[in-house]
Amino acid sequence: MAGCGSGGGTSSTPAAGNSDSQPAASADGQEFTAKIGVVSFLSGSGAAYGEAQKAGLELALGELNEANKGKLKIELKFEDSAGEKDGAINAVNKLINQDNVVAIIGPTLSGEMFAAGPVANESETPIFGISNTSEGINDIGEYVFRNSLPESIAIPTAMKAAVEKNGLKKVALIYASNDDFSVNGYKVMKATAEKMGLEITGEATFANGDVDFSAQLTKLKQGNPDALLVSALYKEGSMVVKKARELGITGTILGGNGFNNPKVFEIAGPAAEGLIVATPFSPEKQDEKVQAFVKAFEAKYNKKPDQFAAQAYDSLYIMSQSLLAAGKAEREALREQLAQLKDFTGVSGKLSFDEKRNPIGDAVVVVAKDGKFVPFE
Ligand code: 1QQ
């Protein structure tokens with residue numbers, strides 16, 4: 001934004017320390033190299049999110065380095081945060097102070113971004129969320145960006161479609177109370193239900209890492225809801241869905257962004273059938289750009305991309321575009337270019353950004369059918 005350049009400074013930031021740590025800018029017209037750090041959930045209970053993000057980024061990296069030959073070479077440095085706040089903080093510190101990256105992509109979870117985003121922000125290093133869907137991410141500071149569609153847009157879209165088509169009147173909510181993303185999703189679900197005049201028949205919580213959800217679901221079943229709204233990451237979320245069906249909860253089940261990964265079908269099995277989710281990306285979308293991406297992804301990895309791969313892929317295109325506009329691999333110059341992003345059309349749709357750099361875009365509502373998500377129509 002205008003005026004933010006003042007005091008943004010060069011190498012005087014305390015965190016950056018030595019001036020050598022800033023990535024070198026190139027002379028005019030010469031190819032320059034930009035080292036970008038990636039912090040992702042690459043091991044542990046949500047490793048499939050990180051795996052998808054890594055795949056999307058590496059596909060984009062190959063394409064971009066080919067297309068940008070003679071102008072820009074991007075290098076990616078991956079760090080595994082294992083979905084932990086401390087892991088994310090350590091990774092961000094390392095990437096900024098040891099690896100001297102020009103920017104960071106990730107971390108995967110909103111909770112990790114709430115913990116590690118301020119570190120990057122204070123070091124005046126752009127940090128770009130590709131799967132942080134909670135409210136308040138951009139409030140961390142002006143170096144914090146994201147292209148991930150907030151749950152405040154996705155969940156109401158899914159709930160409206162589900163209410164209209166499945167005639168819901170009464171809903172029950174269940175969520176992970178120790179995960180920022182899941183808590184935020186629950187709040188959006190509850191506020192949307194209230195706004196739509198739905199009756200809330202019950203609420204229950206669990207913790208990430210739990211494996212037994214019988215007590216909570218048995219209690220929620222007694223309220224006889226038409227739908228169960230689940231805000232969770234894929235592992236616990238899929239086990240909740242499976243258990244709910246086992247216990248005879250037969251109504252609609254609707255989930256948030258955590259369910260946008262094929263692991264759901266592996267864990268929940270046939271119980272996933274009918275699960276409704278909103279996503280900014282569907283590999284089924286009949287769009288030239290989307291289908292070219294799906295084809296390239298399938299050729300490289302022998303499977304279809306999910307929304308985590310798609311948003312990761314898009315983020316590197318945004319980085320590339322902004323770095324080329326900056327003409328150098330320099331943190332402040334890159335931040336200024338990222339802040340000017342008004343519209344971007346990627347494989348996960350058309351995004352515009354509000355004054356707080358929050359993405360605004362459309363969600364597609366999908367439903368689980370025969371082991372995959374298809375448009376809910
Ligand atoms: C967040 C999310 C998760 C589902 C990412 C894996 O949306 O943490 O914001």
# chains A, B, ... in the order shown; residues from 1 in each chain; ligands from 1

call {"tool": "residues_near_ligand", "arguments": {"ligand": "ligand 1", "cutoff": "10 Å", "atoms": "only C-alpha atoms and all ligand atoms", "output": "number ranges by chain"}}
result
A: 40-41, 46-50, 53, 83, 106-114, 129-135, 137, 148-151, 179-185, 231-234, 256-261, 308

call {"tool": "select_by_dssp", "arguments": {"residues": "region 64-138 of chain A", "states": "strand (DSSP E)", "output": "list in words"}}
result
Leu72, Lys73, Ile74, Glu75, Leu76, Lys77, Phe78, Glu79, Asp80, Ala103, Ile104, Ile105, Ile127, Phe128 and Gly129 of chain A

call {"tool": "closest_residue", "arguments": {"among": "A:Val38, A:Ile318, A:Leu198, A:Ala333", "to": "Glu58 (chain A)", "atoms": "only C-alpha atoms"}}
result
A:Val38

call {"tool": "atom_distance", "arguments": {"atom1": "CA of Asn93 (chain A)", "atom2": "CA of Ala325 (chain A)"}}
result
26.6 Å

call {"tool": "atom_distance", "arguments": {"atom1": "CA of Val102 (chain A)", "atom2": "CA of Ile89 (chain A)"}}
result
16.8 Å

call {"tool": "select_by_dssp", "arguments": {"residues": "region 92-328 of chain A", "states": "alpha helix (DSSP H)", "output": "PyMOL selection string"}}
result
chain A and resi 92-97+110-122+151-166+180-195+214-222+234-246+263-268+288-301+307-326

call {"tool": "closest_residue", "arguments": {"among": "A:Thr252, A:Asn65, A:Thr125, A:Thr201", "to": "Asn166 (chain A)", "atoms": "only C-alpha atoms"}}
result
A:Thr252

call {"tool": "atom_distance", "arguments": {"atom1": "CA of Asp139 (chain A)", "atom2": "CA of Ser152 (chain A)"}}
result
15.2 Å

call {"tool": "residues_around", "arguments": {"residues": "Ile96 (chain A)", "least_positions_apart": "2", "cutoff": "9 Å", "atoms": "only C-alpha atoms", "output": "PyMOL selection string"}}
result
chain A and resi 15-16+21+37+91-94+98-104+120+123+125

call {"tool": "write_last_selection", "arguments": {"atoms": "N, CA and C atoms", "output": "mmCIF file, in the first residue's frame"}}
result
data_model
loop_
_atom_site.group_PDB
_atom_site.id
_atom_site.type_symbol
_atom_site.label_atom_id
_atom_site.label_comp_id
_atom_site.auth_asym_id
_atom_site.auth_seq_id
_atom_site.Cartn_x
_atom_site.Cartn_y
_atom_site.Cartn_z
ATOM 1 N N ALA A 15 15.679 -8.389 13.040
ATOM 2 C CA ALA A 15 15.622 -9.840 12.834
ATOM 3 C C ALA A 15 16.544 -10.287 11.702
ATOM 4 N N ALA A 16 16.631 -9.464 10.678
ATOM 5 C CA ALA A 16 17.434 -9.880 9.530
ATOM 6 C C ALA A 16 18.931 -9.833 9.867
ATOM 7 N N SER A 21 22.270 -10.973 4.469
ATOM 8 C CA SER A 21 21.203 -11.967 4.485
ATOM 9 C C SER A 21 20.099 -11.649 3.473
ATOM 10 N N GLY A 37 10.894 -19.960 0.681
ATOM 11 C CA GLY A 37 10.730 -21.011 1.674
ATOM 12 C C GLY A 37 9.299 -21.537 1.677
ATOM 13 N N ALA A 91 10.582 -23.229 11.726
ATOM 14 C CA ALA A 91 10.823 -23.277 10.279
ATOM 15 C C ALA A 91 10.907 -21.871 9.700
ATOM 16 N N VAL A 92 10.002 -21.011 10.126
ATOM 17 C CA VAL A 92 9.989 -19.631 9.615
ATOM 18 C C VAL A 92 11.273 -18.909 10.022
ATOM 19 N N ASN A 93 11.676 -19.075 11.259
ATOM 20 C CA ASN A 93 12.929 -18.452 11.717
ATOM 21 C C ASN A 93 14.119 -18.922 10.897
ATOM 22 N N LYS A 94 14.176 -20.222 10.682
ATOM 23 C CA LYS A 94 15.294 -20.790 9.929
ATOM 24 C C LYS A 94 15.309 -20.257 8.497
ATOM 25 N N GLN A 98 18.513 -18.142 8.270
ATOM 26 C CA GLN A 98 19.617 -18.974 7.762
ATOM 27 C C GLN A 98 19.590 -19.116 6.254
ATOM 28 N N ASP A 99 18.397 -19.348 5.732
ATOM 29 C CA ASP A 99 18.309 -19.604 4.282
ATOM 30 C C ASP A 99 18.102 -18.326 3.481
ATOM 31 N N ASN A 100 17.826 -17.238 4.160
ATOM 32 C CA ASN A 100 17.684 -15.929 3.502
ATOM 33 C C ASN A 100 16.665 -15.928 2.366
ATOM 34 N N VAL A 101 15.541 -16.546 2.608
ATOM 35 C CA VAL A 101 14.519 -16.592 1.561
ATOM 36 C C VAL A 101 13.913 -15.206 1.356
ATOM 37 N N VAL A 102 13.378 -14.991 0.184
ATOM 38 C CA VAL A 102 12.759 -13.695 -0.117
ATOM 39 C C VAL A 102 11.311 -13.669 0.394
ATOM 40 N N ALA A 103 10.716 -14.859 0.527
ATOM 41 C CA ALA A 103 9.334 -14.956 1.009
ATOM 42 C C ALA A 103 9.082 -16.389 1.457
ATOM 43 N N ILE A 104 7.976 -16.551 2.170
ATOM 44 C CA ILE A 104 7.601 -17.889 2.634
ATOM 45 C C ILE A 104 6.191 -18.211 2.165
ATOM 46 N N ALA A 120 7.409 -13.718 10.781
ATOM 47 C CA ALA A 120 7.761 -13.249 9.434
ATOM 48 C C ALA A 120 7.434 -11.769 9.302
ATOM 49 N N SER A 123 9.948 -9.618 10.840
ATOM 50 C CA SER A 123 11.193 -9.637 10.063
ATOM 51 C C SER A 123 11.007 -9.021 8.686
ATOM 52 N N THR A 125 9.282 -9.954 6.162
ATOM 53 C CA THR A 125 9.393 -10.971 5.112
ATOM 54 C C THR A 125 7.981 -11.389 4.693
#

call {"tool": "closest_residue", "arguments": {"among": "A:Ile253, A:Ala312, A:Ala215, A:Leu173", "to": "Glu199 (chain A)", "atoms": "only C-alpha atoms"}}
result
A:Leu173

call {"tool": "residues_around", "arguments": {"residues": "Pro262 (chain A)", "least_positions_apart": "3", "cutoff": "12 Å", "atoms": "only C-alpha atoms", "output": "JSON, numbers by chain"}}
result
{"A": [46, 48, 49, 51, 52, 234, 235, 238, 258, 259, 265, 266, 267, 268, 269, 272, 303, 304, 305, 306, 307, 308, 309, 368, 369, 370, 371, 372, 373]}

call {"tool": "write_last_selection", "arguments": {"atoms": "N, CA and C atoms", "output": "mmCIF file, in the first residue's frame"}}
result
data_model
loop_
_atom_site.group_PDB
_atom_site.id
_atom_site.type_symbol
_atom_site.label_atom_id
_atom_site.label_comp_id
_atom_site.auth_asym_id
_atom_site.auth_seq_id
_atom_site.Cartn_x
_atom_site.Cartn_y
_atom_site.Cartn_z
ATOM 1 N N GLY A 46 -1.767 -34.865 9.429
ATOM 2 C CA GLY A 46 -2.332 -34.141 8.283
ATOM 3 C C GLY A 46 -1.358 -34.094 7.121
ATOM 4 N N ALA A 48 -1.155 -35.533 4.396
ATOM 5 C CA ALA A 48 -1.684 -35.528 3.025
ATOM 6 C C ALA A 48 -1.934 -34.100 2.538
ATOM 7 N N TYR A 49 -2.180 -33.192 3.478
ATOM 8 C CA TYR A 49 -2.315 -31.783 3.068
ATOM 9 C C TYR A 49 -0.967 -31.292 2.520
ATOM 10 N N GLU A 51 1.585 -33.024 1.487
ATOM 11 C CA GLU A 51 1.977 -33.757 0.278
ATOM 12 C C GLU A 51 1.326 -33.121 -0.958
ATOM 13 N N ALA A 52 0.054 -32.777 -0.832
ATOM 14 C CA ALA A 52 -0.657 -32.136 -1.950
ATOM 15 C C ALA A 52 -0.057 -30.766 -2.246
ATOM 16 N N TYR A 234 -8.918 -33.553 8.193
ATOM 17 C CA TYR A 234 -9.445 -34.766 7.539
ATOM 18 C C TYR A 234 -9.423 -36.017 8.409
ATOM 19 N N LYS A 235 -8.383 -36.152 9.252
ATOM 20 C CA LYS A 235 -8.261 -37.408 9.986
ATOM 21 C C LYS A 235 -9.418 -37.574 10.976
ATOM 22 N N SER A 238 -12.973 -37.390 9.251
ATOM 23 C CA SER A 238 -13.422 -38.608 8.550
ATOM 24 C C SER A 238 -13.847 -39.685 9.545
ATOM 25 N N GLY A 258 -11.298 -28.726 5.736
ATOM 26 C CA GLY A 258 -10.478 -29.862 6.138
ATOM 27 C C GLY A 258 -10.786 -31.136 5.373
ATOM 28 N N PHE A 259 -12.004 -31.222 4.824
ATOM 29 C CA PHE A 259 -12.422 -32.441 4.113
ATOM 30 C C PHE A 259 -12.004 -32.460 2.645
ATOM 31 N N PHE A 265 -11.869 -40.370 1.792
ATOM 32 C CA PHE A 265 -12.474 -41.603 1.269
ATOM 33 C C PHE A 265 -11.761 -42.839 1.803
ATOM 34 N N GLU A 266 -10.478 -42.681 2.024
ATOM 35 C CA GLU A 266 -9.693 -43.789 2.579
ATOM 36 C C GLU A 266 -10.122 -44.069 4.027
ATOM 37 N N ILE A 267 -10.288 -43.017 4.805
ATOM 38 C CA ILE A 267 -10.591 -43.183 6.231
ATOM 39 C C ILE A 267 -12.080 -43.470 6.469
ATOM 40 N N ALA A 268 -12.941 -42.700 5.848
ATOM 41 C CA ALA A 268 -14.385 -42.887 6.103
ATOM 42 C C ALA A 268 -14.971 -44.020 5.272
ATOM 43 N N GLY A 269 -14.324 -44.374 4.174
ATOM 44 C CA GLY A 269 -14.857 -45.432 3.303
ATOM 45 C C GLY A 269 -16.230 -45.041 2.769
ATOM 46 N N ALA A 272 -18.486 -41.929 3.640
ATOM 47 C CA ALA A 272 -18.290 -40.566 3.121
ATOM 48 C C ALA A 272 -19.389 -40.178 2.133
ATOM 49 N N LYS A 303 -2.333 -39.057 -10.250
ATOM 50 C CA LYS A 303 -3.589 -38.880 -9.507
ATOM 51 C C LYS A 303 -4.110 -37.481 -9.742
ATOM 52 N N LYS A 304 -5.366 -37.274 -9.360
ATOM 53 C CA LYS A 304 -5.961 -35.949 -9.559
ATOM 54 C C LYS A 304 -5.541 -35.001 -8.439
ATOM 55 N N PRO A 305 -5.388 -33.720 -8.749
ATOM 56 C CA PRO A 305 -5.060 -32.757 -7.687
ATOM 57 C C PRO A 305 -6.279 -32.438 -6.822
ATOM 58 N N ASP A 306 -6.034 -32.144 -5.553
ATOM 59 C CA ASP A 306 -7.118 -31.656 -4.698
ATOM 60 C C ASP A 306 -6.982 -30.140 -4.569
ATOM 61 N N GLN A 307 -7.812 -29.547 -3.732
ATOM 62 C CA GLN A 307 -7.782 -28.088 -3.651
ATOM 63 C C GLN A 307 -6.497 -27.572 -3.009
ATOM 64 N N PHE A 308 -5.841 -28.404 -2.170
ATOM 65 C CA PHE A 308 -4.595 -27.962 -1.535
ATOM 66 C C PHE A 308 -3.472 -27.868 -2.577
ATOM 67 N N ALA A 309 -3.465 -28.811 -3.489
ATOM 68 C CA ALA A 309 -2.495 -28.776 -4.586
ATOM 69 C C ALA A 309 -2.772 -27.579 -5.493
ATOM 70 N N ALA A 368 -19.720 -35.973 -1.954
ATOM 71 C CA ALA A 368 -18.975 -37.221 -2.124
ATOM 72 C C ALA A 368 -19.864 -38.273 -2.784
ATOM 73 N N LYS A 369 -19.352 -38.838 -3.867
ATOM 74 C CA LYS A 369 -20.114 -39.859 -4.592
ATOM 75 C C LYS A 369 -19.135 -40.887 -5.154
ATOM 76 N N ASP A 370 -19.331 -42.136 -4.802
ATOM 77 C CA ASP A 370 -18.477 -43.230 -5.304
ATOM 78 C C ASP A 370 -16.982 -42.940 -5.170
ATOM 79 N N GLY A 371 -16.571 -42.464 -4.024
ATOM 80 C CA GLY A 371 -15.149 -42.285 -3.769
ATOM 81 C C GLY A 371 -14.524 -41.026 -4.318
ATOM 82 N N LYS A 372 -15.344 -40.086 -4.760
ATOM 83 C CA LYS A 372 -14.782 -38.782 -5.161
ATOM 84 C C LYS A 372 -15.830 -37.690 -4.996
ATOM 85 N N PHE A 373 -15.337 -36.441 -5.040
ATOM 86 C CA PHE A 373 -16.259 -35.309 -4.934
ATOM 87 C C PHE A 373 -16.738 -34.906 -6.320
#

call {"tool": "residues_around", "arguments": {"residues": "Asp212 (chain A)", "least_positions_apart": "6", "cutoff": "10 Å", "atoms": "only C-alpha atoms", "output": "list of chain:residue names"}}
result
A:Phe206, A:Glu236, A:Met239, A:Val240, A:Lys243

call {"tool": "write_last_selection", "arguments": {"atoms": "N, CA and C atoms", "output": "compact mmCIF listing (two decimals), in the first residue's frame"}}
result
# COMPACT_ATOMS: atom_id res chain seq x y z
N PHE A 206 -14.39 -32.22 20.36
CA PHE A 206 -13.38 -33.26 20.58
C PHE A 206 -12.04 -32.57 20.42
N GLU A 236 -9.53 -36.63 11.88
CA GLU A 236 -10.59 -36.73 12.88
C GLU A 236 -11.96 -36.57 12.21
N MET A 239 -13.16 -39.74 10.68
CA MET A 239 -13.56 -40.72 11.70
C MET A 239 -14.91 -40.35 12.32
N VAL A 240 -15.16 -39.05 12.44
CA VAL A 240 -16.46 -38.60 12.95
C VAL A 240 -17.57 -39.02 11.97
N LYS A 243 -18.14 -42.80 12.18
CA LYS A 243 -18.83 -43.17 13.43
C LYS A 243 -20.28 -42.73 13.39

call {"tool": "residues_around", "arguments": {"residues": "Ala207 (chain A)", "least_positions_apart": "5", "cutoff": "8 Å", "atoms": "only C-alpha atoms", "output": "MDAnalysis selection string"}}
result
chainID A and resid 176:179

call {"tool": "write_last_selection", "arguments": {"atoms": "C-alpha atoms", "output": "PDB file, in the first residue's frame"}}
result
ATOM      1  CA  ALA A 176     -12.150 -29.879  17.278  1.00  0.00           C
ATOM      2  CA  SER A 177     -11.831 -27.380  20.099  1.00  0.00           C
ATOM      3  CA  ASN A 178      -8.014 -27.351  20.099  1.00  0.00           C
ATOM      4  CA  ASP A 179      -7.492 -26.318  16.490  1.00  0.00           C
TER       5      ASP A 179
END

call {"tool": "decode", "arguments": {"residues": "region 227-240 of chain A", "atoms": "N, CA and C atoms", "output": "mmCIF file, in the first residue's frame"}}
result
data_model
loop_
_atom_site.group_PDB
_atom_site.id
_atom_site.type_symbol
_atom_site.label_atom_id
_atom_site.label_comp_id
_atom_site.auth_asym_id
_atom_site.auth_seq_id
_atom_site.Cartn_x
_atom_site.Cartn_y
_atom_site.Cartn_z
ATOM 1 N N ALA A 227 -29.181 -32.498 9.929
ATOM 2 C CA ALA A 227 -27.801 -32.454 9.416
ATOM 3 C C ALA A 227 -26.792 -32.330 10.546
ATOM 4 N N LEU A 228 -25.640 -32.928 10.285
ATOM 5 C CA LEU A 228 -24.515 -32.817 11.206
ATOM 6 C C LEU A 228 -23.479 -31.934 10.513
ATOM 7 N N LEU A 229 -23.077 -30.858 11.184
ATOM 8 C CA LEU A 229 -22.070 -29.954 10.621
ATOM 9 C C LEU A 229 -20.755 -30.228 11.340
ATOM 10 N N VAL A 230 -19.737 -30.604 10.563
ATOM 11 C CA VAL A 230 -18.472 -31.056 11.151
ATOM 12 C C VAL A 230 -17.343 -30.108 10.759
ATOM 13 N N SER A 231 -16.689 -29.518 11.759
ATOM 14 C CA SER A 231 -15.542 -28.653 11.474
ATOM 15 C C SER A 231 -14.293 -29.313 12.035
ATOM 16 N N ALA A 232 -13.466 -29.865 11.139
ATOM 17 C CA ALA A 232 -12.332 -30.685 11.574
ATOM 18 C C ALA A 232 -11.326 -30.854 10.448
ATOM 19 N N LEU A 233 -10.141 -31.315 10.798
ATOM 20 C CA LEU A 233 -9.158 -31.715 9.792
ATOM 21 C C LEU A 233 -9.550 -33.110 9.290
ATOM 22 N N TYR A 234 -8.918 -33.553 8.193
ATOM 23 C CA TYR A 234 -9.445 -34.766 7.539
ATOM 24 C C TYR A 234 -9.423 -36.017 8.409
ATOM 25 N N LYS A 235 -8.383 -36.152 9.252
ATOM 26 C CA LYS A 235 -8.261 -37.408 9.986
ATOM 27 C C LYS A 235 -9.418 -37.574 10.976
ATOM 28 N N GLU A 236 -9.530 -36.633 11.883
ATOM 29 C CA GLU A 236 -10.593 -36.727 12.882
ATOM 30 C C GLU A 236 -11.962 -36.567 12.211
ATOM 31 N N GLY A 237 -12.043 -35.648 11.248
ATOM 32 C CA GLY A 237 -13.315 -35.397 10.566
ATOM 33 C C GLY A 237 -13.857 -36.651 9.903
ATOM 34 N N SER A 238 -12.973 -37.390 9.251
ATOM 35 C CA SER A 238 -13.422 -38.608 8.550
ATOM 36 C C SER A 238 -13.847 -39.685 9.545
ATOM 37 N N MET A 239 -13.158 -39.735 10.682
ATOM 38 C CA MET A 239 -13.558 -40.722 11.701
ATOM 39 C C MET A 239 -14.913 -40.352 12.317
ATOM 40 N N VAL A 240 -15.164 -39.052 12.435
ATOM 41 C CA VAL A 240 -16.462 -38.598 12.953
ATOM 42 C C VAL A 240 -17.574 -39.017 11.973
#
